[in-house]
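Below is the file data_30.cif, which contains mmCIF, C-alpha atoms and all ligand atoms.
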data_input
loop_
_atom_site.label_atom_id
_atom_site.label_comp_id
_atom_site.auth_asym_id
_atom_site.auth_seq_id
_atom_site.Cartn_x
_atom_site.Cartn_y
_atom_site.Cartn_z
CA MET L 1 55.75 15.49 58.22
CA LYS L 2 54.07 12.61 60.05
CA PRO L 3 50.44 11.60 59.61
CA GLU L 4 48.32 12.56 62.63
CA LYS L 5 46.35 9.79 64.31
CA ILE L 6 42.59 10.30 64.66
CA THR L 7 42.01 6.85 66.08
CA GLU L 8 43.69 3.44 65.77
CA GLY L 9 44.63 2.86 62.12
CA VAL L 10 43.08 6.14 60.94
CA TYR L 11 45.31 9.09 60.10
CA THR L 12 44.96 12.51 58.59
CA LEU L 13 47.48 13.75 56.04
CA ARG L 14 46.49 17.40 56.21
CA VAL L 15 48.25 19.47 53.60
CA ASN L 16 47.99 23.03 54.88
CA HIS L 17 48.18 25.89 52.42
CA PHE L 18 48.54 28.85 54.77
CA ASN L 19 49.48 31.35 52.07
CA ARG L 20 46.79 30.62 49.52
CA ARG L 21 44.64 33.73 49.21
CA LEU L 22 42.17 32.80 46.44
CA PHE L 23 40.36 29.59 45.60
CA ASP L 24 39.25 28.98 42.01
CA SER L 25 40.76 32.42 41.30
CA LEU L 26 37.56 33.73 42.90
CA ILE L 27 36.97 32.97 46.57
CA PRO L 28 39.03 34.89 49.14
CA LEU L 29 40.75 32.65 51.70
CA PRO L 30 41.38 34.84 54.76
CA GLN L 31 42.60 31.79 56.71
CA GLY L 32 44.21 29.89 53.84
CA THR L 33 42.97 26.36 53.30
CA SER L 34 43.98 22.72 53.66
CA TYR L 35 43.60 19.68 51.44
CA ASN L 36 42.99 16.68 53.67
CA ALA L 37 43.84 13.19 52.60
CA TYR L 38 43.32 10.32 55.06
CA LEU L 39 44.97 6.96 55.50
CA VAL L 40 42.98 3.97 56.79
CA LYS L 41 45.01 0.88 57.61
CA GLY L 42 43.27 -2.45 58.01
CA SER L 43 44.90 -5.77 58.90
CA GLU L 44 45.06 -6.68 55.19
CA LYS L 45 44.81 -3.56 53.08
CA THR L 46 45.58 0.14 53.20
CA ALA L 47 43.45 2.86 51.65
CA LEU L 48 44.36 6.45 50.90
CA LEU L 49 41.26 8.65 50.87
CA ASP L 50 41.67 11.51 48.36
CA SER L 51 44.94 13.30 47.65
CA ALA L 52 45.92 16.98 47.54
CA ASP L 53 46.10 19.93 45.23
CA PRO L 54 49.02 19.16 42.88
CA GLU L 55 50.66 22.44 43.88
CA LYS L 56 51.25 20.83 47.29
CA ALA L 57 51.89 17.24 46.17
CA GLU L 58 55.34 17.20 47.75
CA VAL L 59 53.78 17.66 51.21
CA LEU L 60 51.45 14.73 50.60
CA PHE L 61 54.38 12.54 49.58
CA ASP L 62 56.33 13.62 52.64
CA PHE L 63 53.44 12.27 54.75
CA LEU L 64 53.56 9.03 52.73
CA LYS L 65 57.32 8.53 52.83
CA GLU L 66 57.15 5.51 55.14
CA GLU L 67 54.15 3.97 53.43
CA LYS L 68 55.36 1.03 51.37
CA LYS L 69 52.03 -0.07 49.92
CA ILE L 70 48.69 1.50 49.14
CA ASP L 71 46.01 -0.84 47.85
CA TYR L 72 43.18 1.58 47.23
CA VAL L 73 42.84 5.29 46.51
CA ILE L 74 39.30 6.29 47.42
CA SER L 75 38.32 9.31 45.33
CA HIS L 76 35.33 11.16 46.75
CA HIS L 77 35.29 14.10 44.36
CA ALA L 78 36.99 14.83 41.05
CA GLU L 79 37.72 18.52 41.68
CA GLN L 80 41.47 18.86 41.47
CA ASP L 81 42.10 20.16 44.98
CA HIS L 82 41.39 16.57 46.11
CA SER L 83 42.04 14.49 43.02
CA GLY L 84 44.84 16.42 41.31
CA SER L 85 47.68 14.40 42.84
CA ILE L 86 46.10 10.98 42.20
CA PRO L 87 48.10 10.46 38.97
CA LEU L 88 51.30 11.01 40.98
CA VAL L 89 50.07 8.64 43.71
CA LEU L 90 49.45 5.97 41.06
CA GLU L 91 52.94 6.46 39.67
CA ARG L 92 54.38 5.90 43.14
CA TYR L 93 52.01 3.01 43.98
CA PRO L 94 51.30 1.34 40.61
CA GLU L 95 49.43 -1.56 42.23
CA ALA L 96 46.81 0.79 43.74
CA LYS L 97 43.29 0.90 42.33
CA VAL L 98 41.09 4.00 42.34
CA VAL L 99 37.79 3.29 44.08
CA THR L 100 34.93 5.60 43.19
CA ASN L 101 31.47 5.86 41.67
CA ALA L 102 30.67 5.80 37.94
CA LYS L 103 30.23 9.58 37.61
CA CYS L 104 33.46 10.37 39.44
CA LYS L 105 35.29 7.76 37.35
CA GLU L 106 34.05 9.50 34.21
CA PHE L 107 35.26 12.87 35.54
CA LEU L 108 38.66 11.52 36.60
CA MET L 109 39.13 9.98 33.16
CA THR L 110 38.36 13.27 31.41
CA HIS L 111 39.94 15.69 33.91
CA LEU L 112 43.08 13.70 34.76
CA HIS L 113 43.27 11.21 31.87
CA LEU L 114 43.31 8.21 34.20
CA PRO L 115 42.86 4.92 32.30
CA ALA L 116 39.65 2.92 32.83
CA GLU L 117 41.53 -0.18 34.01
CA LYS L 118 42.77 1.65 37.13
CA PHE L 119 39.26 1.88 38.60
CA ILE L 120 37.04 -0.16 40.87
CA GLU L 121 33.53 1.23 40.52
CA VAL L 122 31.26 1.21 43.58
CA LYS L 123 27.59 1.84 44.19
CA ASP L 124 25.86 3.78 46.96
CA GLY L 125 25.95 1.76 50.20
CA GLU L 126 28.52 -0.74 48.89
CA THR L 127 31.28 -1.74 51.30
CA LEU L 128 34.97 -2.53 51.02
CA SER L 129 36.81 -4.39 53.78
CA LEU L 130 40.43 -3.58 54.60
CA GLY L 131 40.52 -6.23 57.34
CA GLY L 132 38.86 -5.02 60.53
CA LYS L 133 38.08 -1.71 58.84
CA THR L 134 34.92 -1.55 56.74
CA LEU L 135 34.46 1.32 54.34
CA GLU L 136 30.85 2.06 53.39
CA PHE L 137 30.41 4.42 50.45
CA VAL L 138 27.74 7.07 50.92
CA PHE L 139 26.81 9.04 47.83
CA LEU L 140 26.38 12.76 48.48
CA PRO L 141 25.78 14.25 45.02
CA TRP L 142 25.51 17.98 44.51
CA VAL L 143 27.35 19.14 47.56
CA HIS L 144 28.43 21.29 44.67
CA TRP L 145 29.43 18.77 41.97
CA PRO L 146 27.24 15.85 40.87
CA GLU L 147 29.68 13.01 41.58
CA THR L 148 30.62 13.67 45.21
CA MET L 149 30.48 10.88 47.76
CA GLY L 150 31.65 10.23 51.31
CA THR L 151 32.90 7.15 53.14
CA TYR L 152 31.68 5.89 56.51
CA LEU L 153 34.22 3.85 58.43
CA ARG L 154 31.93 1.60 60.40
CA GLU L 155 34.23 0.35 63.16
CA ASP L 156 35.38 3.86 64.09
CA LYS L 157 32.11 5.70 63.35
CA CYS L 158 34.03 8.16 61.22
CA LEU L 159 32.47 9.89 58.23
CA PHE L 160 34.91 11.12 55.61
CA SER L 161 32.65 13.77 54.16
CA CYS L 162 34.77 15.40 51.44
CA ASP L 163 33.75 19.07 50.88
CA PHE L 164 30.63 18.57 53.01
CA PHE L 165 31.25 20.05 56.52
CA GLY L 166 34.58 21.47 55.35
CA SER L 167 36.12 24.86 56.00
CA HIS L 168 38.78 26.80 54.16
CA MET L 169 41.13 26.97 57.10
CA ALA L 170 44.80 26.11 57.37
CA THR L 171 45.47 25.08 60.95
CA SER L 172 47.88 23.05 63.01
CA GLU L 173 45.02 21.83 65.22
CA LEU L 174 43.81 18.33 64.41
CA PHE L 175 40.32 18.87 65.82
CA SER L 176 37.99 21.83 65.44
CA ASP L 177 36.73 23.98 68.28
CA GLU L 178 33.19 25.23 67.93
CA ARG L 179 33.87 28.95 68.20
CA GLY L 180 36.90 28.95 65.91
CA VAL L 181 35.41 26.88 63.13
CA TYR L 182 31.93 28.43 62.94
CA GLU L 183 32.74 31.36 60.67
CA PRO L 184 35.07 29.47 58.28
CA MET L 185 32.45 26.74 57.95
CA LYS L 186 29.68 29.23 57.31
CA ARG L 187 31.80 31.02 54.73
CA TYR L 188 32.52 27.70 52.99
CA TYR L 189 28.88 26.60 53.05
CA ALA L 190 27.77 30.00 51.73
CA GLU L 191 30.25 30.11 48.88
CA ILE L 192 29.68 26.70 47.37
CA MET L 193 26.76 24.84 48.94
CA MET L 194 24.03 27.42 49.44
CA PRO L 195 22.67 27.02 45.89
CA PHE L 196 22.30 23.27 46.55
CA ARG L 197 20.62 23.47 49.95
CA THR L 198 17.76 21.18 48.90
CA ASN L 199 20.38 18.48 48.28
CA ILE L 200 22.15 19.39 51.52
CA LYS L 201 18.89 18.93 53.42
CA ALA L 202 18.42 15.49 51.84
CA HIS L 203 22.02 14.54 52.74
CA LEU L 204 21.51 15.61 56.36
CA GLU L 205 18.46 13.34 56.49
CA LYS L 206 20.41 10.49 54.88
CA LEU L 207 23.26 10.86 57.38
CA ALA L 208 20.93 10.94 60.41
CA LYS L 209 20.93 7.13 60.56
CA TYR L 210 24.70 6.93 61.03
CA GLU L 211 26.23 6.94 64.48
CA LEU L 212 29.07 9.45 64.23
CA ALA L 213 32.08 9.94 66.47
CA PHE L 214 34.09 11.95 63.93
CA ILE L 215 33.45 13.93 60.79
CA ALA L 216 36.61 14.17 58.73
CA PRO L 217 36.17 16.65 55.85
CA SER L 218 38.53 17.38 52.99
CA HIS L 219 39.22 20.95 54.11
CA GLY L 220 39.93 22.25 57.61
CA PRO L 221 40.01 20.44 60.94
CA VAL L 222 38.35 17.14 61.89
CA HIS L 223 35.17 17.46 63.95
CA LYS L 224 34.68 15.50 67.18
CA ASN L 225 31.30 17.13 67.79
CA PRO L 226 29.14 15.87 64.89
CA LYS L 227 25.88 17.00 66.48
CA PHE L 228 27.02 20.63 66.65
CA ILE L 229 28.20 20.47 63.05
CA MET L 230 24.99 18.86 61.75
CA ASP L 231 22.87 21.35 63.72
CA ILE L 232 24.54 24.43 62.28
CA TYR L 233 24.26 23.01 58.79
CA SER L 234 20.60 22.35 59.41
CA ASP L 235 20.18 25.97 60.55
CA TRP L 236 21.78 27.27 57.36
CA ALA L 237 20.26 24.85 54.85
CA VAL L 238 16.89 23.90 56.29
CA CYS L 239 15.61 26.71 58.54
CA GLY L 240 13.98 29.84 57.10
CA PRO L 241 15.66 33.27 57.02
CA ARG L 242 16.13 35.47 60.08
CA ASN L 243 15.01 38.98 60.98
CA LYS L 244 18.00 40.37 59.14
CA VAL L 245 18.66 42.72 56.23
CA LEU L 246 21.80 42.75 54.15
CA VAL L 247 22.48 46.28 52.90
CA ALA L 248 25.19 45.98 50.23
CA TYR L 249 26.17 49.29 48.71
CA ILE L 250 28.62 51.59 47.01
CA SER L 251 28.57 55.36 47.11
CA MET L 252 30.61 57.60 44.81
CA HIS L 253 29.83 61.12 46.05
CA GLY L 254 27.91 60.46 49.27
CA SER L 255 24.27 60.59 48.15
CA THR L 256 23.70 56.82 48.12
CA TYR L 257 25.56 56.64 51.41
CA MET L 258 23.09 59.11 52.96
CA LEU L 259 20.18 56.92 51.83
CA VAL L 260 21.86 53.77 53.15
CA ASN L 261 22.69 55.34 56.50
CA ARG L 262 19.15 56.56 56.99
CA LEU L 263 17.76 53.14 56.08
CA VAL L 264 20.12 51.29 58.42
CA SER L 265 19.28 53.63 61.33
CA ARG L 266 15.55 53.27 60.82
CA LEU L 267 15.76 49.48 60.50
CA GLN L 268 17.80 49.20 63.68
CA GLU L 269 15.32 51.46 65.52
CA ALA L 270 12.58 49.10 64.37
CA GLY L 271 14.40 46.07 65.83
CA VAL L 272 15.69 44.64 62.54
CA SER L 273 19.24 43.24 62.44
CA VAL L 274 21.30 44.79 59.68
CA GLU L 275 24.55 43.79 58.04
CA LYS L 276 25.91 46.77 56.15
CA LEU L 277 28.59 45.93 53.59
CA ASN L 278 30.46 48.55 51.61
CA LEU L 279 31.31 46.83 48.34
CA ASP L 280 34.25 49.07 47.49
CA GLN L 281 36.48 46.43 49.14
CA PHE L 282 34.69 43.40 47.76
CA ASP L 283 34.84 40.18 49.76
CA GLU L 284 32.69 37.55 48.05
CA GLY L 285 32.72 35.43 51.19
CA ARG L 286 31.26 38.19 53.40
CA VAL L 287 28.46 38.82 50.91
CA ALA L 288 27.75 35.08 50.65
CA MET L 289 27.75 34.59 54.44
CA ALA L 290 25.37 37.49 54.97
CA LEU L 291 23.00 35.98 52.40
CA VAL L 292 22.78 32.65 54.27
CA ASP L 293 20.25 33.91 56.80
CA SER L 294 19.08 37.34 55.61
CA ALA L 295 15.40 37.73 54.77
CA THR L 296 15.93 40.95 52.82
CA LEU L 297 18.61 42.26 50.49
CA VAL L 298 18.80 45.99 49.88
CA ILE L 299 21.21 47.02 47.14
CA GLY L 300 22.53 50.58 47.27
CA THR L 301 24.04 51.94 44.09
CA PRO L 302 24.93 55.15 42.34
CA THR L 303 24.49 55.30 38.57
CA VAL L 304 27.64 54.86 36.50
CA LEU L 305 27.39 55.43 32.74
CA THR L 306 23.64 54.68 32.83
CA GLY L 307 23.89 51.46 34.88
CA PRO L 308 24.60 50.36 38.44
CA HIS L 309 28.13 50.66 39.79
CA PRO L 310 30.03 47.66 38.28
CA LYS L 311 30.93 46.32 41.74
CA VAL L 312 27.26 46.41 42.70
CA ALA L 313 26.38 44.62 39.45
CA TYR L 314 28.94 41.94 40.33
CA ALA L 315 27.46 41.53 43.82
CA ALA L 316 23.96 41.22 42.36
CA TYR L 317 25.17 38.64 39.84
CA LEU L 318 26.92 36.71 42.62
CA ALA L 319 23.79 36.77 44.81
CA ASN L 320 21.80 35.46 41.86
CA LEU L 321 24.21 32.52 41.43
CA LEU L 322 24.05 31.69 45.13
CA ARG L 323 20.22 31.50 45.14
CA PRO L 324 19.82 32.57 48.78
CA LYS L 325 16.56 32.09 50.68
CA LEU L 326 15.69 35.80 50.50
CA LYS L 327 12.05 36.79 50.84
CA PHE L 328 12.34 40.48 49.96
CA VAL L 329 14.62 42.66 47.87
CA SER L 330 14.91 46.39 47.21
CA VAL L 331 17.22 48.95 45.66
CA VAL L 332 18.11 52.44 46.80
CA GLY L 333 20.38 54.85 44.98
CA SER L 334 21.06 58.15 43.37
CA PHE L 335 21.77 59.22 39.81
CA GLY L 336 23.34 62.37 38.37
CA TRP L 337 21.65 62.86 35.01
CA GLY L 338 19.77 59.68 34.18
CA GLY L 339 20.17 55.95 33.69
CA ARG L 340 18.62 52.53 34.13
CA ALA L 341 20.39 51.16 37.20
CA LEU L 342 17.20 49.64 38.63
CA GLU L 343 16.24 47.83 35.43
CA THR L 344 19.78 46.52 34.99
CA ILE L 345 19.87 45.12 38.54
CA ALA L 346 16.46 43.49 38.06
CA GLY L 347 17.83 41.74 34.97
CA LEU L 348 20.80 40.41 36.95
CA ILE L 349 18.79 38.57 39.62
CA PRO L 350 16.21 36.36 37.87
CA ASN L 351 16.94 33.42 40.23
CA ILE L 352 15.97 35.41 43.31
CA LYS L 353 12.27 34.80 43.69
CA ALA L 354 11.71 37.51 46.28
CA GLU L 355 9.07 40.20 46.61
CA VAL L 356 10.36 43.58 45.44
CA LEU L 357 9.79 46.29 48.03
CA LYS L 358 9.42 49.90 46.93
CA PRO L 359 12.81 50.90 45.43
CA VAL L 360 13.98 54.44 46.15
CA ILE L 361 15.93 55.91 43.23
CA ILE L 362 16.53 59.66 43.47
CA LYS L 363 18.29 62.42 41.56
CA GLY L 364 21.30 63.97 43.25
CA MET L 365 21.62 64.52 46.98
CA PRO L 366 18.63 63.30 49.05
CA THR L 367 15.98 65.85 49.95
CA ALA L 368 13.79 65.65 53.06
CA ALA L 369 11.09 64.07 50.89
CA ASP L 370 13.54 61.43 49.63
CA LEU L 371 14.46 60.53 53.19
CA VAL L 372 10.79 60.11 54.02
CA GLN L 373 10.66 57.49 51.23
CA ILE L 374 13.56 55.71 52.91
CA ASP L 375 11.73 55.82 56.25
CA GLU L 376 8.71 54.26 54.56
CA LEU L 377 10.85 51.51 53.03
CA ALA L 378 12.35 50.76 56.46
CA ALA L 379 8.88 50.61 58.02
CA LEU L 380 7.67 48.28 55.26
CA ILE L 381 10.64 45.93 55.73
CA ALA L 382 10.12 45.89 59.51
CA GLU L 383 6.44 45.07 58.95
CA LYS L 384 7.30 42.26 56.52
CA HIS L 385 9.85 40.84 58.99
CA LYS L 386 7.33 40.52 61.82
CA GLY L 387 7.43 36.97 63.16
CA LEU L 388 10.80 36.08 61.67
CA PRO L 389 13.25 34.57 64.19
CA ALA L 390 16.01 36.75 65.61
CA CYS L 391 19.56 36.24 64.44
CA GLY L 392 21.26 33.41 66.37
FE1 LIG Z 1 37.33 21.00 47.80
FE2 LIG Z 1 34.90 20.82 45.53
O1 LIG Z 1 36.63 20.72 46.13
#
Show me the file's structure as structure tokens.
Amino acid sequence: MKPEKITEGVYTLRVNHFNRRLFDSLIPLPQGTSYNAYLVKGSEKTALLDSADPEKAEVLFDFLKEEKKIDYVISHHAEQDHSGSIPLVLERYPEAKVVTNAKCKEFLMTHLHLPAEKFIEVKDGETLSLGGKTLEFVFLPWVHWPETMGTYLREDKCLFSCDFFGSHMATSELFSDERGVYEPMKRYYAEIMMPFRTNIKAHLEKLAKYELAFIAPSHGPVHKNPKFIMDIYSDWAVCGPRNKVLVAYISMHGSTYMLVNRLVSRLQEAGVSVEKLNLDQFDEGRVAMALVDSATLVIGTPTVLTGPHPKVAYAAYLANLLRPKLKFVSVVGSFGWGGRALETIAGLIPNIKAEVLKPVIIKGMPTAADLVQIDELAALIAEKHKGLPACG
């Protein structure tokens, strides 16, 4: 494998992992992922920016096979998909120093047992010259971990953004195209950054002063269209929710499905966009993406052994962790002989500070009167959504 040139002296060492299907044993990867290291070569020094997941270390070293000397390893983030091969890099290049911030140094010492003397500690805004290539360190904490930073390469106007602006996407294309990268980027943002959108907003403001020609993240392709990328992030992290309802449901014997179908039809008739997700084939990424811009979440559940269906409970717990910008929430469902599904769901979503709209919990198969309750819920949601922007 040969490093791919982004611009003079700047190369990507993109370690594709086409067959990986789960990240963190949790997040589905329908398009695999990549771990992107970068090489920046100045007239005097060479820096390797991040490494790769240790499972794919041999690919990283194949990229580096002609590289005789590395002076600096810039570590943006201690999570092992980027830092995990640094100990191996230091074995191969014992003269190299690890350049990072104090928090990341602490994490690398505890997570990878790197010795303190291997580090050069930098502060926010500090620079490091490689000879005609100036690296400026830009702290970006809480992209989803507290120690994360990026690097701005001044001469080439390239921001190495780590997880920020990344996408779980294995690809042979060096640069992203706007249509192809939109969904993987949204999925990635939704899964790990949505709970930290206040920090993301602050980072977007911080980065506004930098002139950018490239954004080079640690997952997925490099972006040559920074404005497009920053704008979609701003839409997700800064703008309010859209005129959209996520209906996430399970039905065991068809009764909850009848309620959900009626609700979806009535909402659509009222001009409300609906994303209807059957949770029997659970995709955490689809749920997370739908939560990015929905104003309302309606959970549909049957009652199983006195509580909600376990897959519904998992979805509710996940939504609670992701802290979406929901304004309204409701529950519809059916029970056979009793239970406390509604109360259990309410206990699972304390982080969601949304107004609760008129849950509809019925016994058995819906009657005409039950369906009228659903119609009223749909009308109430449509009323509450008045004035919200349409889905983009
Ligand atoms: Fe791609 Fe947070 O690691």
Counting only C-alpha atoms and all ligand atoms, the option among L:Tyr72, L:Trp236, L:Phe137, L:Phe23 closest to ligand LIG 1 (chain Z):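 Of all the options, L:Phe23 lies closest to ligand LIG 1 (chain Z).
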Between CA of Lys209 (chain L) and CA of His144 (chain L) - distance in Å to one decimal: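 The value is 22.6 Å.
Residues in contact with ligand LIG 1 (chain Z) comprise His77, Glu79, Gln80, Asp81, His82, His144, Trp145, Asp163, Ser218 and His219 of chain L, where contact means an atom-to-atom distance of at most 7 Å counting all atoms listed in the file.
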Answer as a list in words, residues within 10 Å of (38.3, 9.5, 67.3) using only C-alpha atoms: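 Residues with an atom close enough to that point: Lys5, Ile6, Thr7, Glu8, Val10, Asp156, Lys157, Cys158, Phe175, Leu212, Ala213, Phe214, Ile215, Ala216, Val222, His223 and Lys224 of chain L.
Residue nearest Asp235 (chain L), chosen from L:Cys391, L:Leu277, L:Leu39, L:Ala378 and counting only C-alpha atoms: L:Cys391.
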Within 12 Å of Ile70 (chain L) using only C-alpha atoms, minus same-chain residues under 5 positions, as a PyMOL selection string: chain L and resi 38-42+44-49+64-65+89-98+130
